[in-house]
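Source file upload-v1.cif; content: mmCIF, C-alpha atoms and all ligand atoms.
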```
data_run
loop_
_atom_site.label_atom_id
_atom_site.label_comp_id
_atom_site.auth_asym_id
_atom_site.auth_seq_id
_atom_site.Cartn_x
_atom_site.Cartn_y
_atom_site.Cartn_z
CA MET A 943 3.58 39.11 -10.10
CA LYS A 944 0.24 39.23 -8.29
CA ILE A 945 -0.50 35.65 -7.22
CA ALA A 946 -3.59 34.24 -5.47
CA PHE A 947 -2.73 31.36 -3.09
CA ILE A 948 -5.57 29.13 -1.88
CA GLY A 949 -4.93 26.42 0.75
CA LEU A 950 -2.39 27.59 3.34
CA GLY A 951 -2.03 24.34 5.33
CA ASN A 952 1.08 22.36 6.27
CA MET A 953 2.40 22.57 2.72
CA GLY A 954 0.73 25.68 1.28
CA GLY A 955 1.76 27.90 4.21
CA GLY A 956 5.48 27.53 3.48
CA MET A 957 4.97 27.67 -0.28
CA ALA A 958 3.05 30.97 -0.08
CA ALA A 959 5.76 32.39 2.22
CA ASN A 960 8.41 31.48 -0.39
CA LEU A 961 6.46 33.31 -3.11
CA VAL A 962 6.47 36.40 -0.87
CA LYS A 963 10.24 36.01 -0.32
CA ALA A 964 10.72 35.85 -4.10
CA GLY A 965 9.11 39.30 -4.36
CA HIS A 966 5.60 38.34 -5.48
CA GLU A 967 2.47 40.02 -4.13
CA VAL A 968 0.55 37.08 -2.60
CA ARG A 969 -3.23 37.31 -2.10
CA ALA A 970 -4.17 34.43 0.17
CA PHE A 971 -7.26 32.55 1.33
CA ASP A 972 -7.91 29.53 3.57
CA LEU A 973 -10.92 28.34 5.57
CA SER A 974 -8.74 27.92 8.69
CA GLU A 975 -8.18 30.95 10.94
CA ALA A 976 -4.85 29.60 12.18
CA ALA A 977 -3.55 29.04 8.64
CA VAL A 978 -4.62 32.56 7.65
CA ALA A 979 -2.95 34.11 10.70
CA ALA A 980 0.37 32.39 9.93
CA ALA A 981 0.20 33.48 6.26
CA ARG A 982 -0.42 37.08 7.31
CA GLU A 983 2.74 36.93 9.48
CA HIS A 984 4.65 35.72 6.43
CA GLY A 985 3.61 38.77 4.42
CA CYS A 986 0.55 37.51 2.51
CA ALA A 987 -2.47 39.77 2.07
CA ILE A 988 -5.57 37.94 3.36
CA PHE A 989 -8.98 37.94 1.65
CA ALA A 990 -12.43 36.83 2.79
CA SER A 991 -12.95 34.36 -0.07
CA ALA A 992 -11.00 32.58 -2.77
CA ALA A 993 -12.85 34.56 -5.42
CA GLU A 994 -11.76 37.87 -3.85
CA ALA A 995 -8.15 36.66 -3.62
CA CYS A 996 -8.28 35.95 -7.39
CA ASP A 997 -9.29 39.51 -8.29
CA GLY A 998 -6.78 41.11 -10.69
CA VAL A 999 -4.09 38.41 -10.36
CA ASP A 1000 -1.57 37.12 -12.91
CA ALA A 1001 -1.61 33.58 -11.47
CA VAL A 1002 -3.51 31.33 -9.06
CA VAL A 1003 -1.83 28.59 -7.00
CA THR A 1004 -3.86 26.01 -5.05
CA MET A 1005 -2.67 23.48 -2.43
CA LEU A 1006 -5.80 21.67 -1.26
CA PRO A 1007 -6.68 18.32 0.36
CA ASN A 1008 -8.42 16.38 -2.45
CA GLY A 1009 -9.95 16.34 -5.92
CA ALA A 1010 -13.53 17.17 -4.88
CA ILE A 1011 -12.33 20.33 -3.09
CA VAL A 1012 -10.04 21.29 -5.98
CA LYS A 1013 -12.92 20.96 -8.47
CA ALA A 1014 -15.29 22.96 -6.25
CA VAL A 1015 -12.76 25.77 -5.66
CA TYR A 1016 -11.92 26.10 -9.38
CA THR A 1017 -15.52 25.95 -10.62
CA ASN A 1018 -16.97 28.26 -7.92
CA ASP A 1019 -14.15 30.67 -7.13
CA VAL A 1020 -11.36 30.69 -9.72
CA ILE A 1021 -12.70 30.11 -13.25
CA GLY A 1022 -14.47 33.30 -14.31
CA LYS A 1023 -13.20 35.17 -11.21
CA ALA A 1024 -9.47 35.32 -12.01
CA PRO A 1025 -8.80 37.68 -14.96
CA ALA A 1026 -8.81 36.16 -18.44
CA GLY A 1027 -5.20 35.30 -19.25
CA ALA A 1028 -4.19 34.37 -15.68
CA VAL A 1029 -2.27 31.09 -15.42
CA LEU A 1030 -3.66 28.49 -12.98
CA LEU A 1031 -1.48 26.01 -11.04
CA ASP A 1032 -2.92 23.21 -8.90
CA CYS A 1033 -0.16 21.74 -6.70
CA SER A 1034 -2.47 19.43 -4.66
CA THR A 1035 -2.19 15.64 -4.97
CA ILE A 1036 -5.45 14.51 -6.58
CA ASP A 1037 -6.74 11.82 -8.95
CA VAL A 1038 -5.65 12.01 -12.57
CA ALA A 1039 -9.23 12.10 -13.93
CA THR A 1040 -10.27 15.13 -11.83
CA ALA A 1041 -7.02 16.94 -12.69
CA ARG A 1042 -7.74 16.47 -16.42
CA GLU A 1043 -11.39 17.49 -16.00
CA VAL A 1044 -10.57 20.73 -14.14
CA ILE A 1045 -7.83 21.65 -16.62
CA SER A 1046 -10.23 21.13 -19.52
CA LEU A 1047 -12.89 23.30 -17.80
CA ALA A 1048 -10.23 26.01 -17.33
CA LYS A 1049 -9.12 25.69 -20.94
CA ALA A 1050 -12.71 26.02 -22.18
CA ALA A 1051 -12.91 29.29 -20.21
CA GLY A 1052 -9.66 30.52 -21.85
CA TYR A 1053 -7.09 29.83 -19.08
CA ASP A 1054 -3.73 28.08 -19.27
CA MET A 1055 -3.60 25.58 -16.40
CA VAL A 1056 -1.18 22.93 -15.10
CA ASP A 1057 -1.35 20.15 -12.54
CA ALA A 1058 1.88 20.46 -10.54
CA PRO A 1059 1.94 18.04 -7.58
CA VAL A 1060 5.04 17.92 -5.42
CA SER A 1061 7.56 15.49 -4.05
CA GLY A 1062 8.98 16.53 -0.68
CA GLY A 1063 7.18 17.14 2.60
CA ILE A 1064 6.59 20.05 4.96
CA ALA A 1065 10.32 20.72 5.51
CA ALA A 1066 10.89 20.98 1.74
CA ALA A 1067 7.81 23.23 1.37
CA ASN A 1068 9.23 25.57 4.04
CA ALA A 1069 12.76 25.49 2.62
CA GLY A 1070 11.63 26.01 -1.00
CA THR A 1071 13.19 22.72 -2.11
CA LEU A 1072 10.15 20.84 -3.48
CA THR A 1073 10.23 18.90 -6.75
CA PHE A 1074 7.30 19.77 -9.05
CA MET A 1075 5.99 17.30 -11.65
CA VAL A 1076 4.02 19.33 -14.13
CA GLY A 1077 1.30 18.34 -16.59
CA GLY A 1078 -0.01 20.72 -19.24
CA THR A 1079 0.66 22.29 -22.62
CA ASP A 1080 4.11 23.71 -23.44
CA SER A 1081 2.81 27.25 -23.09
CA ALA A 1082 1.12 26.56 -19.72
CA PHE A 1083 4.35 24.92 -18.50
CA LYS A 1084 6.53 27.85 -19.62
CA ARG A 1085 4.26 30.36 -17.89
CA SER A 1086 4.25 28.31 -14.64
CA GLU A 1087 7.93 27.49 -14.47
CA SER A 1088 9.30 30.63 -12.80
CA ILE A 1089 6.48 30.66 -10.23
CA LEU A 1090 7.23 27.03 -9.30
CA GLN A 1091 11.00 27.67 -9.22
CA ALA A 1092 10.42 30.13 -6.36
CA MET A 1093 9.04 27.22 -4.29
CA GLY A 1094 11.22 24.32 -5.41
CA LYS A 1095 14.57 22.94 -6.46
CA ALA A 1096 13.34 21.06 -9.56
CA VAL A 1097 10.49 21.70 -12.00
CA ILE A 1098 9.95 18.91 -14.51
CA HIS A 1099 7.50 18.88 -17.43
CA ALA A 1100 5.83 15.44 -17.37
CA GLY A 1101 3.77 15.95 -20.54
CA ALA A 1102 0.09 16.68 -21.13
CA ALA A 1103 -2.55 17.67 -18.56
CA GLY A 1104 -2.80 15.15 -15.69
CA ASN A 1105 0.67 13.71 -16.30
CA GLY A 1106 2.05 15.47 -13.21
CA GLN A 1107 -0.46 13.53 -11.09
CA ALA A 1108 0.33 10.34 -13.00
CA ALA A 1109 4.07 10.75 -12.24
CA LYS A 1110 3.35 11.50 -8.59
CA ILE A 1111 1.19 8.44 -7.90
CA CYS A 1112 3.45 6.06 -9.85
CA ASN A 1113 6.43 7.41 -7.86
CA ASN A 1114 4.63 7.15 -4.51
CA MET A 1115 3.30 3.67 -5.26
CA LEU A 1116 6.91 2.61 -5.83
CA LEU A 1117 7.94 4.39 -2.61
CA GLY A 1118 5.28 2.54 -0.57
CA ILE A 1119 6.36 -0.79 -2.05
CA HIS A 1120 10.10 -0.33 -1.46
CA MET A 1121 9.53 1.00 2.06
CA ILE A 1122 7.63 -2.17 2.99
CA GLY A 1123 10.25 -4.31 1.25
CA THR A 1124 13.04 -2.53 3.12
CA CYS A 1125 11.22 -3.01 6.45
CA GLU A 1126 10.78 -6.74 5.71
CA ALA A 1127 14.46 -7.16 4.91
CA PHE A 1128 15.63 -5.42 8.12
CA ALA A 1129 13.15 -7.39 10.25
CA MET A 1130 14.19 -10.72 8.73
CA ALA A 1131 17.91 -9.89 8.93
CA GLN A 1132 17.50 -9.32 12.66
CA LYS A 1133 15.59 -12.62 13.13
CA LEU A 1134 18.45 -14.36 11.34
CA GLY A 1135 20.95 -12.88 13.80
CA LEU A 1136 22.32 -10.01 11.69
CA ASP A 1137 22.94 -6.69 13.39
CA PRO A 1138 20.84 -3.96 11.59
CA GLN A 1139 23.89 -1.70 11.16
CA THR A 1140 25.87 -4.57 9.62
CA PHE A 1141 23.00 -5.40 7.28
CA TYR A 1142 22.81 -1.69 6.33
CA ASP A 1143 26.56 -1.53 5.66
CA ILE A 1144 26.26 -4.51 3.30
CA SER A 1145 22.89 -3.91 1.58
CA SER A 1146 23.40 -0.15 1.13
CA VAL A 1147 26.32 -0.92 -1.22
CA SER A 1148 24.72 -4.04 -2.74
CA SER A 1149 21.82 -4.66 -5.11
CA GLY A 1150 19.15 -4.20 -2.41
CA GLN A 1151 20.08 -0.53 -2.04
CA ASN A 1152 17.14 1.87 -2.42
CA TRP A 1153 15.96 5.31 -1.20
CA SER A 1154 13.91 3.93 1.72
CA MET A 1155 17.09 2.28 2.99
CA THR A 1156 19.77 4.91 2.43
CA SER A 1157 17.85 8.20 2.71
CA TYR A 1158 14.93 7.24 4.95
CA CYS A 1159 16.01 4.20 6.94
CA PRO A 1160 13.09 2.77 8.99
CA VAL A 1161 15.42 1.44 11.73
CA PRO A 1162 16.39 3.91 14.50
CA GLY A 1163 20.11 4.66 14.78
CA VAL A 1164 20.95 3.24 11.34
CA GLY A 1165 21.81 5.39 8.29
CA PRO A 1166 21.10 9.15 8.19
CA THR A 1167 18.84 10.84 10.75
CA THR A 1168 15.23 10.02 9.81
CA PRO A 1169 11.77 10.03 11.47
CA ALA A 1170 12.68 6.58 12.90
CA ASP A 1171 15.17 8.43 15.15
CA ASN A 1172 12.34 10.64 16.42
CA ASN A 1173 9.91 7.87 17.35
CA TYR A 1174 8.40 8.07 13.83
CA GLN A 1175 7.12 11.62 14.41
CA GLY A 1176 7.14 14.16 11.55
CA GLY A 1177 8.12 13.07 8.05
CA PHE A 1178 5.49 11.75 5.62
CA ALA A 1179 2.33 10.67 7.46
CA THR A 1180 1.04 7.12 6.97
CA ALA A 1181 -2.42 8.61 6.21
CA LEU A 1182 -0.93 10.56 3.27
CA MET A 1183 0.88 7.48 1.95
CA LEU A 1184 -2.45 5.64 2.11
CA LYS A 1185 -4.14 8.52 0.26
CA ASP A 1186 -1.57 8.29 -2.55
CA LEU A 1187 -1.83 4.48 -2.76
CA LYS A 1188 -5.63 4.76 -3.05
CA LEU A 1189 -5.22 7.29 -5.87
CA ALA A 1190 -2.73 4.93 -7.53
CA MET A 1191 -5.17 2.00 -7.30
CA GLU A 1192 -7.99 4.13 -8.77
CA ALA A 1193 -5.68 5.07 -11.65
CA ALA A 1194 -4.63 1.42 -12.11
CA ALA A 1195 -8.28 0.35 -12.32
CA SER A 1196 -9.24 3.07 -14.80
CA SER A 1197 -6.19 2.51 -17.02
CA GLY A 1198 -6.19 -1.30 -16.85
CA ALA A 1199 -2.68 -1.43 -15.30
CA SER A 1200 -1.77 -4.56 -13.35
CA THR A 1201 -0.35 -3.52 -9.93
CA PRO A 1202 -0.40 -6.54 -7.58
CA LEU A 1203 2.32 -5.16 -5.27
CA GLY A 1204 0.76 -1.69 -5.24
CA LYS A 1205 -2.55 -3.29 -4.22
CA HIS A 1206 -0.90 -5.24 -1.44
CA ALA A 1207 0.98 -2.15 -0.21
CA GLN A 1208 -2.36 -0.31 -0.08
CA GLU A 1209 -3.92 -3.11 2.00
CA LEU A 1210 -0.99 -3.14 4.43
CA TYR A 1211 -1.02 0.66 4.84
CA GLU A 1212 -4.83 0.62 5.21
CA ALA A 1213 -4.58 -1.81 8.15
CA PHE A 1214 -1.66 0.11 9.71
CA SER A 1215 -3.27 3.53 9.22
CA ALA A 1216 -6.36 2.71 11.29
CA GLU A 1217 -4.40 3.30 14.53
CA ASN A 1218 -1.19 4.93 13.25
CA GLY A 1219 -2.24 7.39 10.53
CA GLY A 1220 -0.24 10.23 12.12
CA LEU A 1221 3.05 8.34 12.32
CA ASP A 1222 5.64 8.54 9.57
CA PHE A 1223 5.05 5.83 6.93
CA SER A 1224 8.34 4.08 7.80
CA ALA A 1225 6.72 3.11 11.14
CA ILE A 1226 5.07 0.21 9.28
CA ILE A 1227 8.21 -1.70 10.33
CA LYS A 1228 6.51 -2.04 13.74
CA THR A 1229 4.08 -4.58 12.18
CA LEU A 1230 6.94 -6.83 11.07
P1 LIG B 1 -3.44 20.46 5.09
O1 LIG B 1 -4.69 19.78 5.50
O2 LIG B 1 -2.44 20.86 6.11
O3 LIG B 1 -3.81 21.80 4.25
C1 LIG B 1 -4.90 21.93 3.40
C2 LIG B 1 -5.48 23.32 3.61
O4 LIG B 1 -6.56 23.52 2.70
C3 LIG B 1 -6.05 23.52 5.02
O5 LIG B 1 -5.44 24.65 5.64
C4 LIG B 1 -7.53 23.73 4.78
O6 LIG B 1 -8.16 24.64 5.71
C5 LIG B 1 -7.54 24.29 3.37
N1 LIG B 1 -8.82 24.15 2.68
C6 LIG B 1 -9.62 23.06 2.60
N2 LIG B 1 -10.71 23.35 1.84
C7 LIG B 1 -10.56 24.63 1.44
C8 LIG B 1 -11.35 25.50 0.64
N3 LIG B 1 -12.50 25.10 0.09
N4 LIG B 1 -10.90 26.75 0.42
C9 LIG B 1 -9.75 27.18 0.98
N5 LIG B 1 -8.95 26.41 1.75
C10 LIG B 1 -9.37 25.16 1.97
O7 LIG B 1 -2.78 19.52 3.98
P2 LIG B 1 -1.27 19.56 3.42
O8 LIG B 1 -0.44 18.60 4.18
O9 LIG B 1 -0.83 20.98 3.29
O10 LIG B 1 -1.50 18.93 1.97
C11 LIG B 1 -2.01 19.69 0.88
C12 LIG B 1 -1.87 18.87 -0.39
O11 LIG B 1 -0.47 18.55 -0.58
C13 LIG B 1 -2.60 17.52 -0.36
O12 LIG B 1 -3.17 17.29 -1.61
C14 LIG B 1 -1.50 16.54 -0.02
O13 LIG B 1 -1.78 15.22 -0.50
C15 LIG B 1 -0.32 17.15 -0.74
N6 LIG B 1 1.00 16.77 -0.20
C16 LIG B 1 1.25 16.80 1.14
C17 LIG B 1 2.51 16.45 1.62
C18 LIG B 1 2.82 16.49 3.10
O14 LIG B 1 3.89 15.97 3.50
N7 LIG B 1 1.99 17.08 3.94
C19 LIG B 1 3.53 16.08 0.73
C20 LIG B 1 3.26 16.09 -0.65
C21 LIG B 1 1.99 16.44 -1.09
#
```
Output the structure of this file as structure tokens.
Ligand code: NAD
Amino acid sequence: MKIAFIGLGNMGGGMAANLVKAGHEVRAFDLSEAAVAAAREHGCAIFASAAEACDGVDAVVTMLPNGAIVKAVYTNDVIGKAPAGAVLLDCSTIDVATAREVISLAKAAGYDMVDAPVSGGIAAANAGTLTFMVGGTDSAFKRSESILQAMGKAVIHAGAAGNGQAAKICNNMLLGIHMIGTCEAFAMAQKLGLDPQTFYDISSVSSGQNWSMTSYCPVPGVGPTTPADNNYQGGFATALMLKDLKLAMEAAASSGASTPLGKHAQELYEAFSAENGGLDFSAIIKTL
């Protein structure tokens, strides 16, 4: 297929390269010279604007920083520029309301479109092992599935337009909460005289077990190798966790959901992010 790819940053760069590896012709655009240069090395054809990249394509994939940029790119450069009948896939993490608005603008112009945010970070984007949570009609999902499979290990239909974003922020709100809870438990165990490894050996096979403990342990030298073992470098940046918690709190407010722990997690990450936004989100254990 001919696929336009817009937004070749930390995530989009690897995703576009995987579409090339799968045999697609990728027409790419980004505002950053460095991102464009790397994409060219990975076999993408580079264009001077998003609108030009969309010329004659079968599909458009976007991986952009936020909802305002996604809306601007679709309204100015994709809708009406990509051929009628192209399928549109936004993989960025953005607010549910903007995702639904952009999909309905695309639909009014005759396009099938999905929101398809991802779970998995830069390593998964490079390796082609992302999980995609997809919102949109059955036909839009079916048309997107094989394109997403070239970039991921799991592609799950979450329901109607915007439901991919809803799944993503509910999941990441839970992740933020259980990371902080896991950090609290390790910090208190140590104050009570328990060795962290011993606490891990017990809790990881008891009812406190969770992903932040057994797959992403915030304590260096305990459990599998994680960003904690690399001085909290790499991994999932605190600033991005804060972004997702803010999106979750916006969605809670607009839907009337009660999320007291999500709100508190957002406050704790907000305070921590001021000086530590670039560290992995498990580094919040330093505050405990
Ligand atoms: P990034 O900042 O590295 O990349 C974004 C890219 O978009 C940049 O290269 C930027 O130049 C480009 N861009 C911005 N405005 C543009 C425009 N108008 N036209 C064309 N290009 C434009 O960010 P990232 O880490 O790749 O994240 C992208 C999205 O993926 C975000 O929504 C983020 O929340 C989500 N996400 C990131 C991770 C992660 O671990 N980094 C994990 C899951 C989801």
Nearby residues (only C-alpha atoms) at most 10 Å from Thr1017 of chain A, same-chain spacing under 5 positions excluded, as a tab-separated table (two decimals) with C-alpha atoms, keeping the file's coordinate frame:
```
chain	number	residue	atom	x	y	z
A	1011	ILE	CA	-12.33	20.33	-3.09
A	1012	VAL	CA	-10.04	21.29	-5.98
A	1022	GLY	CA	-14.47	33.30	-14.31
A	1023	LYS	CA	-13.20	35.17	-11.21
A	1044	VAL	CA	-10.57	20.73	-14.14
A	1047	LEU	CA	-12.89	23.30	-17.80
A	1048	ALA	CA	-10.23	26.01	-17.33
```
Inset, instruction - Within 8 Å of Leu950 of chain A, counting all atoms listed in the file, which residues show up once you throw out same-chain ones fewer than 3 positions away? Write them as a PyMOL selection string, please. - result: chain A and resi 947+953-956+958+970-972+977-978+981+1005
Inset, instruction - Figure out the distance between atom CA of Glu1126 of chain A and atom CA of Gln1151 of chain A, please, to one decimal in Å. - result: 13.6 Å
Inset, instruction - Find the residues around segment 984-991 of chain A up to 12 Å (all atoms listed in the file counted), leave out those fewer than 5 positions away in its own chain, and share them as a VMD selection string. - result: chain A and resid 944 to 950 954 to 975 977 to 979 996 to 997 1015 1018 to 1020 1023 1068
Inset, instruction - Check the smallest atom-to-atom distance from each of A:Gly1150, A:Gly1118, A:Gly1070, A:Gly1177 to ligand LIG 1 (chain B) using only C-alpha atoms and all ligand atoms, then report the winner. - result: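 Looking at the shortest contact to ligand LIG 1 (chain B), the residue is A:Gly1177.
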Inset, instruction - In Å, rounded to a single decimal, give me how far atom CA of Ile1064 of chain A is from atom CA of Gly1078 of chain A. - result: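 So the two atoms, atom CA of Gly1078 of chain A and atom CA of Ile1064 of chain A, lie 25.1 Å apart.
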Legend entry - Nearest to Leu1116 of chain A, chosen from A:Asn1218, A:Thr1167, A:Ser1081, A:Asn1152, with only C-alpha atoms counted in the distances: A:Asn1152
Report, as AutoDock Vina command-line options, the centre and edge lengths in Å (one decimal) of the axis-aligned box enclosing every listed atom of segment 1093-1098 of chain A, padded by 3 Å on each side.
```
--center_x 11.8 --center_y 23.1 --center_z -9.4 --size_x 11.5 --size_y 14.3 --size_z 16.2
```
Inset, instruction - Could you give me, as a list of chain:residue names, the residues within 6 Å of Gly1104 of chain A, counting all atoms listed in the file and dropping anything in the same chain fewer than 4 positions from it? - result: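 Near Gly1104 of chain A, the qualifying residues are A:Val1038, A:Ala1041, A:Arg1042, A:Gly1077.
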Legend entry - Distance criterion (all atoms listed in the file): nearest to ligand LIG 1 (chain B) out of A:Lys1185, A:Arg1085, A:Lys1095, A:His1206: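 Nearest candidate to ligand LIG 1 (chain B) out of A:Lys1185, A:Arg1085, A:Lys1095, A:His1206: A:Lys1185.
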Legend entry - Spatial neighbours of Gln1139 of chain A, 9 Å, all atoms listed in the file, chain gap at least 4 places, as a list of chain:residue names: A:Asp1143, A:Ile1144, A:Gly1163, A:Val1164, A:Gly1165
Inset, instruction - Compare A:Asp1080, A:Phe1074, A:Ile1227, A:Pro1025 by their minimum atom-to-atom distance to Gly1052 of chain A, counting all atoms listed in the file, and give me the closest one. - result: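 Using all atoms listed in the file, the shortest distance to Gly1052 of chain A belongs to A:Pro1025.
Take the candidates A:Thr1229, A:Asn952, A:Thr1180, A:Asn1173 and check each one against Ala1129 of chain A using only C-alpha atoms; the shortest distance goes to A:Thr1229.
Going from atom CA of Ala1066 of chain A to atom CA of Gly1094 of chain A covers 7.9 Å.
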